[in-house]
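To be precise, the following lines are target-v5.txt, and they hold compact mmCIF, C-alpha atoms.
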# COMPACT_ATOMS: atom_id res chain seq x y z
CA MET Y 77 -44.87 -211.35 -152.54
CA ASN Y 78 -43.63 -214.32 -154.57
CA ARG Y 79 -40.20 -214.38 -156.16
CA PHE Y 80 -41.50 -214.09 -159.75
CA ILE Y 81 -43.39 -210.88 -159.04
CA ARG Y 82 -40.43 -209.42 -157.17
CA ASN Y 83 -38.08 -210.17 -160.05
CA SER Y 84 -40.54 -208.65 -162.50
CA LEU Y 85 -40.72 -205.47 -160.46
CA ALA Y 86 -36.94 -205.30 -160.43
CA ALA Y 87 -36.91 -205.43 -164.21
CA ILE Y 88 -38.88 -202.20 -164.26
CA GLY Y 89 -35.91 -200.59 -162.55
CA PHE Y 90 -34.78 -199.65 -159.07
CA ALA Y 91 -35.10 -195.99 -159.98
CA ALA Y 92 -38.77 -196.11 -159.11
CA LEU Y 93 -38.04 -196.99 -155.47
CA ALA Y 94 -39.18 -194.31 -153.04
CA ILE Y 95 -36.01 -194.27 -150.96
CA PRO Y 96 -35.21 -191.01 -149.16
CA ALA Y 97 -32.12 -189.20 -150.46
CA GLN Y 98 -29.23 -190.40 -148.32
CA ALA Y 99 -25.57 -191.06 -148.92
CA GLY Y 100 -24.08 -194.50 -148.43
CA LEU Y 101 -22.35 -193.27 -145.27
CA ILE Y 102 -24.47 -192.18 -142.31
CA ILE Y 103 -22.80 -190.84 -139.15
CA GLY Y 104 -24.71 -190.80 -135.89
CA GLY Y 105 -25.01 -192.59 -132.57
CA ASP Y 106 -26.29 -191.69 -129.13
CA ALA Y 107 -23.16 -189.93 -127.87
CA VAL Y 108 -23.09 -186.12 -128.04
CA ASP Y 109 -19.97 -186.35 -130.22
CA LYS Y 110 -17.08 -188.71 -130.91
CA ALA Y 111 -14.97 -187.33 -128.08
CA SER Y 112 -17.64 -188.16 -125.49
CA ALA Y 113 -18.42 -191.66 -126.79
CA THR Y 114 -17.46 -194.81 -124.93
CA SER Y 115 -17.35 -196.81 -128.16
CA ILE Y 116 -16.72 -195.94 -131.82
CA VAL Y 117 -18.45 -198.28 -134.24
CA ASP Y 118 -17.65 -198.85 -137.89
CA ILE Y 119 -20.44 -201.00 -139.33
CA VAL Y 120 -21.01 -201.99 -142.95
CA PHE Y 121 -24.37 -203.25 -144.22
CA ALA Y 122 -23.75 -205.32 -147.37
CA ILE Y 123 -26.92 -206.36 -149.21
CA ASP Y 124 -27.83 -208.57 -152.14
CA THR Y 125 -29.28 -206.19 -154.77
CA SER Y 126 -30.89 -208.85 -156.96
CA GLY Y 127 -34.58 -208.68 -157.89
CA SER Y 128 -35.91 -210.67 -154.94
CA MET Y 129 -34.57 -208.02 -152.54
CA ILE Y 130 -36.34 -204.96 -153.99
CA ASP Y 131 -38.79 -204.39 -151.13
CA ASP Y 132 -36.16 -205.20 -148.50
CA ILE Y 133 -33.85 -202.56 -149.94
CA ALA Y 134 -36.68 -200.03 -149.87
CA ALA Y 135 -37.53 -200.85 -146.25
CA ILE Y 136 -33.96 -200.44 -145.04
CA GLY Y 137 -33.51 -197.31 -147.13
CA ALA Y 138 -36.56 -195.72 -145.53
CA ALA Y 139 -35.39 -196.45 -141.98
CA ALA Y 140 -31.60 -196.19 -142.03
CA ASN Y 141 -31.08 -192.45 -141.57
CA THR Y 142 -33.41 -192.18 -138.59
CA ALA Y 143 -32.11 -195.39 -137.03
CA VAL Y 144 -28.48 -194.29 -137.05
CA LYS Y 145 -29.02 -190.65 -136.09
CA ASN Y 146 -31.63 -191.26 -133.37
CA LEU Y 147 -29.89 -194.20 -131.75
CA GLN Y 148 -30.74 -195.16 -128.18
CA CYS Y 149 -28.41 -197.82 -126.76
CA PRO Y 150 -28.92 -199.01 -123.16
CA MET Y 151 -25.37 -200.28 -122.61
CA THR Y 152 -23.08 -197.68 -124.16
CA ASP Y 153 -22.78 -194.17 -125.57
CA CYS Y 154 -21.55 -194.77 -129.08
CA TYR Y 155 -20.40 -192.82 -132.11
CA VAL Y 156 -21.40 -194.67 -135.28
CA ARG Y 157 -20.14 -194.64 -138.85
CA ALA Y 158 -22.59 -196.80 -140.82
CA ARG Y 159 -21.80 -197.65 -144.44
CA PHE Y 160 -24.38 -199.16 -146.79
CA MET Y 161 -23.21 -201.14 -149.84
CA GLY Y 162 -24.55 -203.47 -152.44
CA ILE Y 163 -22.45 -206.59 -152.86
CA SER Y 164 -21.50 -206.21 -156.52
CA GLY Y 165 -24.32 -203.93 -157.65
CA THR Y 166 -25.96 -200.77 -156.37
CA SER Y 167 -29.54 -199.72 -155.67
CA GLY Y 168 -31.10 -196.37 -154.88
CA SER Y 169 -29.42 -193.53 -153.05
CA LEU Y 170 -28.54 -195.47 -149.90
CA PHE Y 171 -26.85 -198.57 -151.34
CA ASN Y 172 -25.06 -196.39 -153.87
CA GLU Y 173 -21.71 -198.18 -153.88
CA SER Y 174 -20.70 -201.82 -154.06
CA VAL Y 175 -18.25 -203.94 -152.11
CA ARG Y 176 -16.63 -205.03 -155.36
CA ASN Y 177 -16.06 -201.49 -156.64
CA TYR Y 178 -14.90 -200.32 -153.22
CA VAL Y 179 -12.15 -202.97 -153.25
CA LEU Y 180 -11.20 -202.18 -156.86
CA ALA Y 181 -10.93 -198.46 -156.02
CA LYS Y 182 -8.45 -199.34 -153.28
CA GLY Y 183 -6.32 -201.27 -155.76
CA GLY Y 184 -7.38 -204.63 -154.35
CA SER Y 185 -8.49 -207.84 -156.02
CA PRO Y 186 -12.05 -208.58 -154.90
CA ILE Y 187 -13.31 -212.13 -154.64
CA THR Y 188 -16.85 -210.77 -154.83
CA ASN Y 189 -18.16 -210.93 -158.41
CA ASN Y 190 -21.87 -211.64 -158.05
CA THR Y 191 -24.74 -209.68 -156.50
CA GLU Y 192 -25.46 -212.64 -154.21
CA ASP Y 193 -21.90 -213.30 -152.93
CA ASN Y 194 -22.92 -212.71 -149.31
CA GLY Y 195 -20.00 -214.73 -147.97
CA TRP Y 196 -17.26 -213.37 -150.19
CA ALA Y 197 -18.41 -209.80 -149.59
CA VAL Y 198 -17.61 -210.34 -145.91
CA VAL Y 199 -14.14 -211.63 -146.75
CA ASP Y 200 -13.45 -208.62 -148.99
CA LEU Y 201 -14.72 -206.12 -146.41
CA VAL Y 202 -12.74 -207.66 -143.57
CA LYS Y 203 -9.58 -207.35 -145.64
CA TYR Y 204 -10.03 -204.04 -147.45
CA PHE Y 205 -12.44 -201.79 -145.56
CA ASP Y 206 -10.99 -198.72 -143.83
CA TRP Y 207 -11.73 -199.84 -140.29
CA GLY Y 208 -11.29 -197.07 -137.73
CA SER Y 209 -8.57 -197.14 -135.12
CA ASP Y 210 -9.20 -193.70 -133.67
CA ALA Y 211 -10.36 -194.59 -130.17
CA ALA Y 212 -8.88 -192.34 -127.48
CA ALA Y 213 -8.17 -193.26 -123.87
CA GLY Y 214 -11.27 -194.78 -122.30
CA GLN Y 215 -12.84 -195.57 -125.69
CA LYS Y 216 -13.02 -198.71 -127.81
CA ASN Y 217 -13.20 -199.24 -131.56
CA TYR Y 218 -15.63 -201.92 -132.73
CA HIS Y 219 -15.91 -203.24 -136.27
CA ALA Y 220 -18.95 -205.04 -137.67
CA ILE Y 221 -20.42 -206.32 -140.93
CA VAL Y 222 -24.09 -207.08 -141.58
CA THR Y 223 -24.57 -209.34 -144.60
CA ILE Y 224 -28.16 -209.37 -145.87
CA GLY Y 225 -29.76 -211.75 -148.37
CA ASP Y 226 -32.17 -214.60 -149.10
CA GLU Y 227 -30.02 -217.01 -151.12
CA GLY Y 228 -26.71 -218.85 -150.76
CA THR Y 229 -23.44 -217.14 -149.89
CA GLU Y 230 -21.79 -217.72 -153.29
CA ASN Y 231 -23.67 -216.88 -156.51
CA GLY Y 232 -26.98 -217.23 -154.70
CA GLU Y 233 -29.80 -219.75 -155.08
CA PRO Y 234 -29.85 -223.12 -153.27
CA VAL Y 235 -27.02 -223.95 -150.89
CA ASN Y 236 -24.29 -226.17 -152.34
CA ALA Y 237 -20.64 -226.99 -151.70
CA LEU Y 238 -19.44 -223.58 -152.96
CA ASP Y 239 -21.72 -221.80 -150.50
CA PHE Y 240 -20.20 -223.72 -147.59
CA VAL Y 241 -16.72 -222.69 -148.75
CA ALA Y 242 -17.70 -219.00 -148.94
CA ALA Y 243 -19.51 -219.01 -145.59
CA LYS Y 244 -16.64 -220.75 -143.82
CA ALA Y 245 -14.15 -218.28 -145.29
CA ALA Y 246 -16.32 -215.37 -144.10
CA ASN Y 247 -16.63 -216.86 -140.62
CA GLU Y 248 -12.89 -217.40 -140.27
CA ALA Y 249 -11.97 -213.99 -141.69
CA ALA Y 250 -14.28 -212.22 -139.24
CA ILE Y 251 -12.95 -214.16 -136.25
CA ASN Y 252 -9.30 -213.71 -137.24
CA GLU Y 253 -9.67 -209.93 -137.55
CA SER Y 254 -12.10 -209.43 -134.63
CA VAL Y 255 -14.91 -208.21 -136.86
CA LEU Y 256 -18.40 -208.87 -135.49
CA LEU Y 257 -20.49 -210.57 -138.18
CA PHE Y 258 -24.27 -210.23 -138.30
CA SER Y 259 -26.19 -212.28 -140.85
CA TRP Y 260 -29.70 -211.19 -141.79
CA VAL Y 261 -31.83 -213.57 -143.85
CA THR Y 262 -34.84 -211.90 -145.41
CA ASP Y 263 -38.21 -213.54 -146.08
CA ASP Y 264 -38.81 -216.65 -148.18
CA PRO Y 265 -35.19 -217.88 -148.28
CA TYR Y 266 -34.03 -220.90 -150.25
CA PRO Y 267 -33.64 -224.22 -148.36
CA GLY Y 268 -30.54 -224.36 -146.21
CA VAL Y 269 -29.95 -220.61 -146.29
CA PRO Y 270 -31.03 -219.86 -142.68
CA ASN Y 271 -28.78 -222.56 -141.21
CA LEU Y 272 -25.85 -221.41 -143.33
CA PHE Y 273 -26.23 -217.71 -142.49
CA LYS Y 274 -26.68 -218.50 -138.81
CA ALA Y 275 -23.52 -220.63 -138.60
CA MET Y 276 -21.58 -217.99 -140.55
CA ALA Y 277 -22.30 -215.41 -137.83
CA VAL Y 278 -22.71 -217.26 -134.53
CA GLY Y 279 -21.12 -220.65 -135.17
CA GLY Y 280 -22.32 -224.22 -135.24
CA ASN Y 281 -22.78 -226.74 -138.02
CA PRO Y 282 -24.60 -225.50 -141.13
CA GLY Y 283 -25.25 -229.02 -142.44
CA ASN Y 284 -22.06 -230.12 -144.17
CA GLY Y 285 -20.31 -231.63 -141.15
CA ASP Y 286 -18.05 -228.62 -140.65
CA THR Y 287 -18.03 -226.51 -137.49
CA TYR Y 288 -17.99 -222.73 -137.50
CA GLY Y 289 -16.90 -220.43 -134.67
CA ASN Y 290 -18.81 -217.57 -133.05
CA THR Y 291 -17.84 -214.15 -134.45
CA GLY Y 292 -19.57 -212.29 -131.61
CA GLY Y 293 -22.30 -211.03 -133.92
CA ALA Y 294 -25.84 -212.36 -134.31
CA TYR Y 295 -28.26 -214.05 -136.68
CA LEU Y 296 -31.52 -212.33 -137.65
CA ALA Y 297 -34.48 -213.63 -139.65
CA GLY Y 298 -37.22 -211.85 -141.56
CA LEU Y 299 -37.59 -208.27 -142.76
CA GLN Y 300 -41.03 -207.52 -144.20
CA GLY Y 301 -43.51 -206.86 -141.43
CA VAL Y 302 -40.63 -206.07 -139.06
CA ASP Y 303 -39.98 -202.70 -137.41
CA VAL Y 304 -36.87 -202.11 -139.51
CA GLN Y 305 -35.76 -198.98 -137.67
CA THR Y 306 -35.80 -200.82 -134.35
CA ARG Y 307 -33.96 -203.78 -135.80
CA LEU Y 308 -31.23 -201.59 -137.27
CA GLN Y 309 -30.82 -199.90 -133.90
CA GLU Y 310 -30.62 -203.26 -132.14
CA ILE Y 311 -27.88 -204.45 -134.49
CA ILE Y 312 -25.84 -201.28 -134.05
CA CYS Y 313 -26.27 -201.23 -130.28
CA ASP Y 314 -25.16 -204.84 -130.06
CA ALA Y 315 -22.09 -204.06 -132.18
CA ALA Y 316 -21.33 -201.11 -129.91
CA THR Y 317 -20.83 -203.48 -126.97
CA GLY Y 318 -18.35 -205.64 -128.90
CA ASN Y 319 -17.67 -208.85 -127.08
CA ASP Y 320 -18.39 -207.25 -123.72
CA VAL Y 321 -21.95 -208.58 -123.74
CA PRO Y 322 -23.66 -209.43 -120.42
CA GLU Y 323 -24.84 -212.96 -119.76
CA PRO Y 324 -28.28 -213.76 -121.22
CA ALA Y 325 -29.89 -213.81 -117.80
CA SER Y 326 -28.85 -210.21 -117.16
CA LEU Y 327 -30.20 -208.60 -120.32
CA GLY Y 328 -31.81 -211.27 -122.47
CA LEU Y 329 -28.97 -211.37 -125.01
CA VAL Y 330 -28.86 -207.58 -125.23
CA LEU Y 331 -31.87 -206.83 -127.42
CA LEU Y 332 -31.11 -209.46 -130.05
CA GLY Y 333 -32.41 -212.23 -127.84
CA LEU Y 334 -35.93 -211.01 -128.50
CA ALA Y 335 -38.06 -213.79 -129.87
CA GLY Y 336 -39.09 -211.72 -132.85
CA LEU Y 337 -35.52 -211.59 -134.14
CA SER Y 338 -35.22 -215.36 -134.45
CA ARG Y 339 -38.63 -216.19 -135.86
CA MET Y 340 -38.83 -216.89 -139.60
CA ARG Y 341 -41.88 -215.51 -141.39
CA ARG Y 342 -42.48 -216.96 -144.84
CA ARG Y 343 -44.39 -214.98 -147.46
Any chance you could put this one into structure tokens?
Amino acid sequence: MNRFIRNSLAAIGFAALAIPAQAGLIIGGDAVDKASATSIVDIVFAIDTSGSMIDDIAAIGAAANTAVKNLQCPMTDCYVRARFMGISGTSGSLFNESVRNYVLAKGGSPITNNTEDNGWAVVDLVKYFDWGSDAAAGQKNYHAIVTIGDEGTENGEPVNALDFVAAKAANEAAINESVLLFSWVTDDPYPGVPNLFKAMAVGGNPGNGDTYGNTGGAYLAGLQGVDVQTRLQEIICDAATGNDVPEPASLGLVLLGLAGLSRMRRR
């Protein structure tokens, strides 16, 4: 669907979206309970709620509850607390809170001030989110952010100097606080967006001569036409292993090395 049609649909209102009734926090995992888990995962999905994302929001909303509660991870038994937020706006019953308002409610000063601040939302979450530290003996706490969008990391649209600043700040904040960063670019992104999102999560050079480090997360591309439930499970299972990920030869990059997760599909 082209961007004009998507924006027009958004103008009708997100209330018409057929998203199952769910709260912004979903607790699940594949462990019997928290006490029996080998890893405890706090993961925040932060999404751009602008008009071009309307069908992506619906797809994630339809799959999220089942994905989290029916998790099947091959490498760990995990207990998961998954939070779903818009960046500075809200949409439907799943993305029913925003990163900006979450920070304000905690008495903080959010940098995030635009629905498409995918980079600054990461910085705010790293700093202000209530990351768990409740692992018992033999358990590990893992923290992860999934930033989802189709435009630049600062105020959206084509990538420019401000987007590089926001993405670099997100990359450094995640590394400094040991937060795994996953970047998920949806379909039909603006030029430069895939390279920028990829470097923000897994390192490299996004095109401005700067070098980013690897946060331990992953880069994903495409959403429509994808098995969203499976992808959500793959992200969570990868986060549940933290940095203790086997070599690629042993497990093919632990689910996320699947070719389908790195292939861009343009509308």
Please tabulate, as CSV, the residues of segment 123-222 of chain Y that come within 10 Å of segment 296-303 of chain Y, each with its closest pair of atoms and the distance in Å to one decimal, counting only C-alpha atoms and ordering rows by chain, then residue number upward.
residue,atom,partner,partner_atom,distance
Y:Asp131,CA,Y:Gln300,CA,7.9
Y:Asp132,CA,Y:Leu299,CA,6.7
Y:Ile133,CA,Y:Leu299,CA,9.9
Y:Ala135,CA,Y:Gln300,CA,7.8
Y:Ile136,CA,Y:Leu299,CA,8.9
Y:Ala139,CA,Y:Asp303,CA,9.0
Y:Val222,CA,Y:Leu296,CA,9.9
Spatial neighbours of Val199 of chain Y, 9 Å, all atoms listed in the file, chain gap at least 4 places, as JSON, numbers by chain
{"Y": [186, 187, 188, 195, 203, 204, 242, 245, 246, 247, 248, 249, 250]}
Considering all atoms listed in the file, state which residue in the set Y:Val304, Y:Ile224, Y:Leu257, Y:Val179 is at the smallest distance from Met129 of chain Y.
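Ranking Y:Val304, Y:Ile224, Y:Leu257, Y:Val179 by distance to Met129 of chain Y, first place goes to Y:Ile224.
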Long-range neighbours of Phe171 of chain Y as a VMD selection string, 12 Å cut-off, all atoms listed in the file, 3 positions minimum in chain:
chain Y and resid 90 95 to 102 120 to 125 130 132 to 134 136 to 138 140 158 to 168 174 to 175
May I have a table of the residues of segment 256-316 of chain Y lying at most 7 Å from segment 212-219 of chain Y, giving each one's closest pair of atoms and their distance in Å to one decimal, counting only C-alpha atoms, ordered by chain and ascending residue number, as CSV?
residue,atom,partner,partner_atom,distance
Y:Leu256,CA,Y:His219,CA,6.2
Y:Ala315,CA,Y:Tyr218,CA,6.8
Y:Ala316,CA,Y:Tyr218,CA,6.4
Grab the residues selected above and save them as a short mmCIF file (atom, residue, chain, number, x, y, z; two decimals), keeping the file's coordinate frame with C-alpha atoms.
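Contents of selection-v6.cif, freshly written:
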data_model
loop_
_atom_site.label_atom_id
_atom_site.label_comp_id
_atom_site.auth_asym_id
_atom_site.auth_seq_id
_atom_site.Cartn_x
_atom_site.Cartn_y
_atom_site.Cartn_z
CA LEU Y 256 -18.40 -208.87 -135.49
CA ALA Y 315 -22.09 -204.06 -132.18
CA ALA Y 316 -21.33 -201.11 -129.91
#
Taking (-29.0, -217.6, -151.7) in the file's coordinates as the center, which residues reach within 12 Å of it, counting all atoms listed in the file, put as an MDAnalysis selection string?
chainID Y and resid 123:126 128:129 190:195 223:236 238:240 242:243 260:273
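Atom CA of Tyr288 of chain Y is found 6.7 Å from atom CA of Met276 of chain Y.
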May I ask for the distance between atom CA of Arg307 of chain Y and atom CA of Asp109 of chain Y, given in Å to one decimal place?
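Between atom CA of Arg307 of chain Y and atom CA of Asp109 of chain Y the gap is 23.0 Å.
Among Y:Thr317, Y:Thr152, Y:Asn146, Y:Asn284, the residue with the shortest atom-to-atom distance to Ser112 of chain Y, counting all atoms listed in the file, is Y:Thr152.
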Missing atoms of segment 187-217 of chain Y rebuilt to N, CA and C atoms, written as a PDB file, keeping the file's coordinate frame:
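Okay, this is what ended up in selection39.pdb:
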ATOM      1  N   ILE Y 187     -12.776-210.797-154.339  1.00  0.00           N
ATOM      2  CA  ILE Y 187     -13.310-212.130-154.640  1.00  0.00           C
ATOM      3  C   ILE Y 187     -14.760-211.990-155.079  1.00  0.00           C
ATOM      4  N   THR Y 188     -15.448-211.015-154.520  1.00  0.00           N
ATOM      5  CA  THR Y 188     -16.850-210.770-154.830  1.00  0.00           C
ATOM      6  C   THR Y 188     -17.033-210.436-156.309  1.00  0.00           C
ATOM      7  N   ASN Y 189     -17.896-211.207-156.995  1.00  0.00           N
ATOM      8  CA  ASN Y 189     -18.160-210.930-158.410  1.00  0.00           C
ATOM      9  C   ASN Y 189     -19.602-211.209-158.800  1.00  0.00           C
ATOM     10  N   ASN Y 190     -20.466-211.351-157.797  1.00  0.00           N
ATOM     11  CA  ASN Y 190     -21.870-211.640-158.050  1.00  0.00           C
ATOM     12  C   ASN Y 190     -22.719-210.889-157.023  1.00  0.00           C
ATOM     13  N   THR Y 191     -23.905-210.447-157.423  1.00  0.00           N
ATOM     14  CA  THR Y 191     -24.740-209.680-156.500  1.00  0.00           C
ATOM     15  C   THR Y 191     -25.135-210.476-155.267  1.00  0.00           C
ATOM     16  N   GLU Y 192     -25.034-211.802-155.316  1.00  0.00           N
ATOM     17  CA  GLU Y 192     -25.460-212.640-154.210  1.00  0.00           C
ATOM     18  C   GLU Y 192     -24.285-213.338-153.521  1.00  0.00           C
ATOM     19  N   ASP Y 193     -23.091-212.757-153.610  1.00  0.00           N
ATOM     20  CA  ASP Y 193     -21.900-213.300-152.930  1.00  0.00           C
ATOM     21  C   ASP Y 193     -21.857-212.821-151.478  1.00  0.00           C
ATOM     22  N   ASN Y 194     -22.847-213.190-150.683  1.00  0.00           N
ATOM     23  CA  ASN Y 194     -22.920-212.710-149.310  1.00  0.00           C
ATOM     24  C   ASN Y 194     -21.743-213.128-148.448  1.00  0.00           C
ATOM     25  N   GLY Y 195     -21.170-214.284-148.727  1.00  0.00           N
ATOM     26  CA  GLY Y 195     -20.000-214.730-147.970  1.00  0.00           C
ATOM     27  C   GLY Y 195     -18.729-214.037-148.399  1.00  0.00           C
ATOM     28  N   TRP Y 196     -18.497-213.980-149.701  1.00  0.00           N
ATOM     29  CA  TRP Y 196     -17.260-213.370-150.190  1.00  0.00           C
ATOM     30  C   TRP Y 196     -17.225-211.864-149.948  1.00  0.00           C
ATOM     31  N   ALA Y 197     -18.380-211.231-149.915  1.00  0.00           N
ATOM     32  CA  ALA Y 197     -18.410-209.800-149.590  1.00  0.00           C
ATOM     33  C   ALA Y 197     -17.854-209.561-148.194  1.00  0.00           C
ATOM     34  N   VAL Y 198     -18.158-210.460-147.273  1.00  0.00           N
ATOM     35  CA  VAL Y 198     -17.610-210.340-145.910  1.00  0.00           C
ATOM     36  C   VAL Y 198     -16.098-210.465-145.936  1.00  0.00           C
ATOM     37  N   VAL Y 199     -15.593-211.438-146.666  1.00  0.00           N
ATOM     38  CA  VAL Y 199     -14.140-211.630-146.750  1.00  0.00           C
ATOM     39  C   VAL Y 199     -13.469-210.383-147.313  1.00  0.00           C
ATOM     40  N   ASP Y 200     -14.027-209.821-148.387  1.00  0.00           N
ATOM     41  CA  ASP Y 200     -13.450-208.620-148.990  1.00  0.00           C
ATOM     42  C   ASP Y 200     -13.497-207.426-148.041  1.00  0.00           C
ATOM     43  N   LEU Y 201     -14.601-207.254-147.336  1.00  0.00           N
ATOM     44  CA  LEU Y 201     -14.720-206.120-146.410  1.00  0.00           C
ATOM     45  C   LEU Y 201     -13.770-206.268-145.229  1.00  0.00           C
ATOM     46  N   VAL Y 202     -13.669-207.445-144.687  1.00  0.00           N
ATOM     47  CA  VAL Y 202     -12.740-207.660-143.570  1.00  0.00           C
ATOM     48  C   VAL Y 202     -11.328-207.242-143.985  1.00  0.00           C
ATOM     49  N   LYS Y 203     -10.955-207.599-145.184  1.00  0.00           N
ATOM     50  CA  LYS Y 203      -9.580-207.350-145.640  1.00  0.00           C
ATOM     51  C   LYS Y 203      -9.339-205.918-146.081  1.00  0.00           C
ATOM     52  N   TYR Y 204     -10.303-205.305-146.772  1.00  0.00           N
ATOM     53  CA  TYR Y 204     -10.030-204.040-147.450  1.00  0.00           C
ATOM     54  C   TYR Y 204     -10.703-202.803-146.856  1.00  0.00           C
ATOM     55  N   PHE Y 205     -11.720-202.968-146.024  1.00  0.00           N
ATOM     56  CA  PHE Y 205     -12.440-201.790-145.560  1.00  0.00           C
ATOM     57  C   PHE Y 205     -11.550-200.940-144.643  1.00  0.00           C
ATOM     58  N   ASP Y 206     -11.761-199.634-144.673  1.00  0.00           N
ATOM     59  CA  ASP Y 206     -10.990-198.720-143.830  1.00  0.00           C
ATOM     60  C   ASP Y 206     -11.564-198.697-142.415  1.00  0.00           C
ATOM     61  N   TRP Y 207     -11.235-199.725-141.664  1.00  0.00           N
ATOM     62  CA  TRP Y 207     -11.730-199.840-140.290  1.00  0.00           C
ATOM     63  C   TRP Y 207     -11.049-198.797-139.407  1.00  0.00           C
ATOM     64  N   GLY Y 208     -11.837-198.118-138.580  1.00  0.00           N
ATOM     65  CA  GLY Y 208     -11.290-197.070-137.730  1.00  0.00           C
ATOM     66  C   GLY Y 208     -10.427-197.606-136.606  1.00  0.00           C
ATOM     67  N   SER Y 209      -9.434-196.823-136.257  1.00  0.00           N
ATOM     68  CA  SER Y 209      -8.570-197.140-135.120  1.00  0.00           C
ATOM     69  C   SER Y 209      -8.314-195.866-134.320  1.00  0.00           C
ATOM     70  N   ASP Y 210      -9.353-195.030-134.227  1.00  0.00           N
ATOM     71  CA  ASP Y 210      -9.200-193.700-133.670  1.00  0.00           C
ATOM     72  C   ASP Y 210      -9.740-193.558-132.252  1.00  0.00           C
ATOM     73  N   ALA Y 211      -9.895-194.663-131.558  1.00  0.00           N
ATOM     74  CA  ALA Y 211     -10.360-194.590-130.170  1.00  0.00           C
ATOM     75  C   ALA Y 211      -9.315-193.918-129.295  1.00  0.00           C
ATOM     76  N   ALA Y 212      -9.771-193.014-128.441  1.00  0.00           N
ATOM     77  CA  ALA Y 212      -8.880-192.340-127.480  1.00  0.00           C
ATOM     78  C   ALA Y 212      -8.909-193.123-126.161  1.00  0.00           C
ATOM     79  N   ALA Y 213      -8.189-192.617-125.178  1.00  0.00           N
ATOM     80  CA  ALA Y 213      -8.170-193.260-123.870  1.00  0.00           C
ATOM     81  C   ALA Y 213      -9.586-193.362-123.320  1.00  0.00           C
ATOM     82  N   GLY Y 214      -9.944-194.558-122.847  1.00  0.00           N
ATOM     83  CA  GLY Y 214     -11.270-194.780-122.300  1.00  0.00           C
ATOM     84  C   GLY Y 214     -12.321-195.138-123.338  1.00  0.00           C
ATOM     85  N   GLN Y 215     -11.930-195.198-124.609  1.00  0.00           N
ATOM     86  CA  GLN Y 215     -12.840-195.570-125.690  1.00  0.00           C
ATOM     87  C   GLN Y 215     -12.421-196.888-126.315  1.00  0.00           C
ATOM     88  N   LYS Y 216     -13.324-197.491-127.074  1.00  0.00           N
ATOM     89  CA  LYS Y 216     -13.020-198.710-127.810  1.00  0.00           C
ATOM     90  C   LYS Y 216     -13.539-198.583-129.232  1.00  0.00           C
ATOM     91  N   ASN Y 217     -12.748-199.104-130.175  1.00  0.00           N
ATOM     92  CA  ASN Y 217     -13.200-199.240-131.560  1.00  0.00           C
ATOM     93  C   ASN Y 217     -13.830-200.610-131.744  1.00  0.00           C
TER      94      ASN Y 217
END
